[in-house]
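Contents: one structure, followed by commentary.
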Number of protein chains: 2
Amino acid sequence: MPTIVVHVMPKPEILDPQGKAVGAALPRLGFEGFASVRQGKRFELTVDGDVTQELLAQARDAAETMLSNPVIEDVVAVEVVD
Amino acid sequence: MPTIVVHVMPKPEILDPQGKAVGAALPRLGFEGFASVRQGKRFELTVDGDVTQELLAQARDAAETMLSNPVIEDVVAVEVVD
């Protein structure tokens with residue numbers, strides 16, 4: 001079944017405590033060489049049938065209004081896989 | 001700066017209450033045509049300098065051992081952007 005994947009990340013100017021915690025833990029566990037970490041969300045919307053342009057527009061709309069909080073998050077990509 | 005993006009999703013056999021909640025809310029808000037929703041995580045690891053094969057291997061290792069819980073989650077992709 002085709003899937004629409006929506007990628008949501010905290011806006012660059014917004015503090016991301018989860019990402020900061022992960023970023024601080026990496027070197028403690030021996031993973032060196034990463035400057036910073038940001039944590040966001042990935043949604044997989046499974047589609048019955050074909051992904052029409054209309055459905056993709058709906059997914060983009062849902063991504064902006066429901067899957068992300070536009071005050072603190074950006075929808076960085078909406079893509080079709082499969 | 002180059003970024004390594006790690007995509008983590010709940011395993012297919014694991015219940016995903018967040019995704020279920022989003023999936024149930026979509027039609028109530030007028031978004032029709034989506035069969036189901038799963039919610040996972042997206043990590044952006046910023047790298048100082050070049051992404052070497054060694055660093056990418058470290059990122060894969062961190063993805064499997066720290067960024068995901070292998071009991072309930074799958075690392076679906078580790079990719080370099082920028």
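Ordering of the structure tokens sets the chain letters (A, B, ...), residue numbers begin anew at 1 in every chain, and ligands are numbered from 1 in the order given.
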
Could I get the residues of segment 13-73 of chain B with an atom no further than 8 Å from an atom of segment 58-80 of chain A, each paired with its nearest atom pair and that distance in Å to one decimal, using only C-alpha atoms, sorted by chain and residue number, as a tab-separated table?
```
residue	atom	partner	partner_atom	distance
B:Val22	CA	A:Leu67	CA	7.8
B:Leu26	CA	A:Ala62	CA	7.6
B:Phe31	CA	A:Gln58	CA	6.4
```

How would the residues just chosen look if you wrote them out with N, CA, C and O atoms as a CSV table (one decimal), in the first residue's frame?
```csv
chain,number,residue,atom,x,y,z
B,22,VAL,N,-4.1,9.9,16.1
B,22,VAL,CA,-4.0,10.8,14.9
B,22,VAL,C,-4.9,10.3,13.8
B,22,VAL,O,-5.7,11.0,13.2
B,26,LEU,N,-8.1,12.4,12.1
B,26,LEU,CA,-8.1,12.9,10.7
B,26,LEU,C,-9.5,13.1,10.1
B,26,LEU,O,-9.8,14.2,9.7
B,31,PHE,N,-10.2,15.2,7.0
B,31,PHE,CA,-9.2,14.6,6.1
B,31,PHE,C,-9.6,13.1,5.9
B,31,PHE,O,-9.4,12.3,6.8
```

Exercise answer, chain B residues close to chain A, 9 Å and only C-alpha atoms, as a PyMOL selection string = chain B and resi 7-9+19+22-23+25-26+29+31-49+55+58-59+61-62+66-67

Can I get the selection written as a compact mmCIF listing (two decimals), in the first residue's frame, with N, CA and C atoms?
```
# COMPACT_ATOMS: atom_id res chain seq x y z
N HIS B 7 15.78 7.69 10.90
CA HIS B 7 14.32 7.52 10.94
C HIS B 7 14.00 6.28 11.76
N VAL B 8 13.16 6.45 12.78
CA VAL B 8 12.78 5.35 13.67
C VAL B 8 11.26 5.22 13.67
N MET B 9 10.76 3.99 13.51
CA MET B 9 9.31 3.76 13.55
C MET B 9 9.00 2.62 14.50
N GLY B 19 -0.19 7.13 17.00
CA GLY B 19 -0.60 7.04 15.60
C GLY B 19 -2.09 6.76 15.47
N VAL B 22 -4.05 9.93 16.10
CA VAL B 22 -3.99 10.83 14.94
C VAL B 22 -4.88 10.28 13.82
N GLY B 23 -4.79 8.98 13.58
CA GLY B 23 -5.60 8.35 12.53
C GLY B 23 -7.09 8.51 12.76
N ALA B 25 -8.43 10.99 14.50
CA ALA B 25 -8.77 12.42 14.46
C ALA B 25 -8.86 12.96 13.04
N LEU B 26 -8.10 12.38 12.11
CA LEU B 26 -8.07 12.91 10.74
C LEU B 26 -9.46 13.05 10.12
N LEU B 29 -11.63 15.80 11.36
CA LEU B 29 -11.26 17.15 10.93
C LEU B 29 -11.39 17.32 9.42
N PHE B 31 -10.23 15.21 6.98
CA PHE B 31 -9.20 14.60 6.13
C PHE B 31 -9.55 13.14 5.89
N GLU B 32 -10.08 12.83 4.70
CA GLU B 32 -10.53 11.48 4.39
C GLU B 32 -9.52 10.79 3.47
N GLY B 33 -9.57 9.45 3.46
CA GLY B 33 -8.78 8.71 2.48
C GLY B 33 -7.50 8.09 3.04
N PHE B 34 -7.27 8.26 4.35
CA PHE B 34 -6.09 7.65 4.94
C PHE B 34 -6.50 6.43 5.75
N ALA B 35 -5.88 5.29 5.46
CA ALA B 35 -6.29 4.03 6.09
C ALA B 35 -5.78 3.93 7.52
N SER B 36 -4.55 4.32 7.75
CA SER B 36 -4.00 4.26 9.10
C SER B 36 -2.81 5.19 9.21
N VAL B 37 -2.45 5.49 10.44
CA VAL B 37 -1.31 6.38 10.72
C VAL B 37 -0.41 5.72 11.74
N ARG B 38 0.89 5.80 11.52
CA ARG B 38 1.87 5.37 12.52
C ARG B 38 2.78 6.56 12.79
N GLN B 39 3.14 6.75 14.05
CA GLN B 39 4.01 7.88 14.40
C GLN B 39 5.34 7.38 14.90
N GLY B 40 6.40 7.88 14.32
CA GLY B 40 7.74 7.53 14.75
C GLY B 40 8.57 8.76 15.01
N LYS B 41 9.89 8.60 14.97
CA LYS B 41 10.79 9.70 15.31
C LYS B 41 11.76 9.96 14.17
N ARG B 42 12.21 11.19 14.12
CA ARG B 42 13.21 11.60 13.15
C ARG B 42 14.29 12.37 13.89
N PHE B 43 15.52 11.88 13.83
CA PHE B 43 16.64 12.54 14.49
C PHE B 43 17.54 13.18 13.44
N GLU B 44 17.95 14.41 13.68
CA GLU B 44 18.95 15.04 12.82
C GLU B 44 20.25 15.20 13.62
N LEU B 45 21.28 14.47 13.21
CA LEU B 45 22.59 14.57 13.85
C LEU B 45 23.47 15.46 12.98
N THR B 46 23.79 16.63 13.48
CA THR B 46 24.64 17.56 12.74
C THR B 46 26.09 17.15 12.92
N VAL B 47 26.85 17.22 11.82
CA VAL B 47 28.23 16.75 11.83
C VAL B 47 29.16 17.93 11.57
N ASP B 48 30.20 18.05 12.40
CA ASP B 48 31.27 19.02 12.15
C ASP B 48 32.21 18.41 11.14
N GLY B 49 32.36 19.02 10.00
CA GLY B 49 33.27 18.48 8.99
C GLY B 49 32.58 17.47 8.09
N LEU B 55 32.18 7.59 10.57
CA LEU B 55 31.17 8.36 11.31
C LEU B 55 29.78 7.83 11.01
N GLN B 58 29.23 4.81 12.98
CA GLN B 58 28.93 5.20 14.36
C GLN B 58 27.47 5.63 14.48
N ALA B 59 27.00 6.40 13.50
CA ALA B 59 25.61 6.88 13.53
C ALA B 59 24.64 5.70 13.45
N ASP B 61 25.26 2.69 14.44
CA ASP B 61 25.38 1.99 15.72
C ASP B 61 24.56 2.72 16.79
N ALA B 62 24.71 4.06 16.84
CA ALA B 62 23.96 4.87 17.81
C ALA B 62 22.46 4.73 17.55
N MET B 66 20.86 3.47 20.76
CA MET B 66 20.48 4.58 21.64
C MET B 66 19.27 5.36 21.15
N LEU B 67 19.20 5.57 19.84
CA LEU B 67 18.09 6.40 19.32
C LEU B 67 16.82 5.59 19.17
```

task = Name the residues of chain A that fall into helix (DSSP H, G or I) according to DSSP on the backbone, using the chain letters and numbers of this document, as a PyMOL selection string.
result = chain A and resi 17-28+53-67

For the residues selected in the previous step, produce a file with N, CA and C atoms as a compact mmCIF listing (two decimals), in the first residue's frame.
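Wrote result_20.txt, looks like this:
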```txt
# COMPACT_ATOMS: atom_id res chain seq x y z
N PRO A 17 14.71 20.13 24.07
CA PRO A 17 15.35 19.44 25.20
C PRO A 17 15.62 17.96 24.93
N GLN A 18 14.71 17.28 24.20
CA GLN A 18 14.94 15.86 23.89
C GLN A 18 16.20 15.70 23.06
N GLY A 19 16.31 16.54 22.03
CA GLY A 19 17.49 16.47 21.17
C GLY A 19 18.75 16.78 21.94
N LYS A 20 18.67 17.81 22.81
CA LYS A 20 19.83 18.19 23.63
C LYS A 20 20.26 17.03 24.52
N ALA A 21 19.29 16.34 25.12
CA ALA A 21 19.60 15.21 26.01
C ALA A 21 20.30 14.10 25.22
N VAL A 22 19.78 13.81 24.03
CA VAL A 22 20.41 12.78 23.19
C VAL A 22 21.82 13.22 22.79
N GLY A 23 21.95 14.48 22.41
CA GLY A 23 23.25 15.01 21.99
C GLY A 23 24.28 14.93 23.10
N ALA A 24 23.83 15.16 24.35
CA ALA A 24 24.75 15.10 25.49
C ALA A 24 25.10 13.66 25.84
N ALA A 25 24.18 12.73 25.57
CA ALA A 25 24.42 11.33 25.93
C ALA A 25 25.33 10.63 24.93
N LEU A 26 25.33 11.06 23.68
CA LEU A 26 26.12 10.37 22.64
C LEU A 26 27.60 10.21 23.03
N PRO A 27 28.32 11.32 23.36
CA PRO A 27 29.74 11.13 23.70
C PRO A 27 29.96 10.28 24.95
N ARG A 28 29.02 10.36 25.89
CA ARG A 28 29.14 9.53 27.10
C ARG A 28 29.11 8.05 26.76
N GLN A 53 -3.33 13.63 -6.56
CA GLN A 53 -2.86 14.97 -6.23
C GLN A 53 -3.72 15.57 -5.13
N GLU A 54 -5.04 15.26 -5.18
CA GLU A 54 -5.97 15.79 -4.19
C GLU A 54 -5.64 15.25 -2.80
N LEU A 55 -5.35 13.93 -2.75
CA LEU A 55 -5.04 13.32 -1.47
C LEU A 55 -3.73 13.86 -0.91
N LEU A 56 -2.78 14.07 -1.80
CA LEU A 56 -1.49 14.62 -1.38
C LEU A 56 -1.67 16.03 -0.83
N ALA A 57 -2.55 16.80 -1.47
CA ALA A 57 -2.84 18.15 -0.98
C ALA A 57 -3.48 18.08 0.40
N GLN A 58 -4.37 17.11 0.59
CA GLN A 58 -4.99 16.90 1.91
C GLN A 58 -3.95 16.56 2.95
N ALA A 59 -3.00 15.68 2.56
CA ALA A 59 -1.94 15.28 3.50
C ALA A 59 -1.09 16.49 3.89
N ARG A 60 -0.78 17.34 2.90
CA ARG A 60 0.01 18.55 3.19
C ARG A 60 -0.75 19.46 4.16
N ASP A 61 -2.06 19.57 3.92
CA ASP A 61 -2.91 20.41 4.76
C ASP A 61 -2.95 19.84 6.19
N ALA A 62 -3.15 18.51 6.30
CA ALA A 62 -3.17 17.86 7.61
C ALA A 62 -1.82 18.03 8.31
N ALA A 63 -0.74 17.94 7.53
CA ALA A 63 0.60 18.07 8.11
C ALA A 63 0.78 19.45 8.74
N GLU A 64 0.28 20.48 8.04
CA GLU A 64 0.46 21.85 8.53
C GLU A 64 -0.47 22.19 9.69
N THR A 65 -1.66 21.57 9.71
CA THR A 65 -2.66 21.99 10.70
C THR A 65 -2.83 21.02 11.86
N MET A 66 -2.48 19.75 11.65
CA MET A 66 -2.76 18.77 12.70
C MET A 66 -1.54 17.99 13.14
N LEU A 67 -0.68 17.62 12.19
CA LEU A 67 0.48 16.79 12.56
C LEU A 67 1.62 17.62 13.13
```

ask   = If you run DSSP on the backbone, which residues of chain A are strand (DSSP E or B), as number ranges by chain?
value = A: 3-10, 34-47, 73-81

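Going from atom CA of Pro10 of chain A over to atom CA of Val81 of chain A, you cover 23.2 Å.
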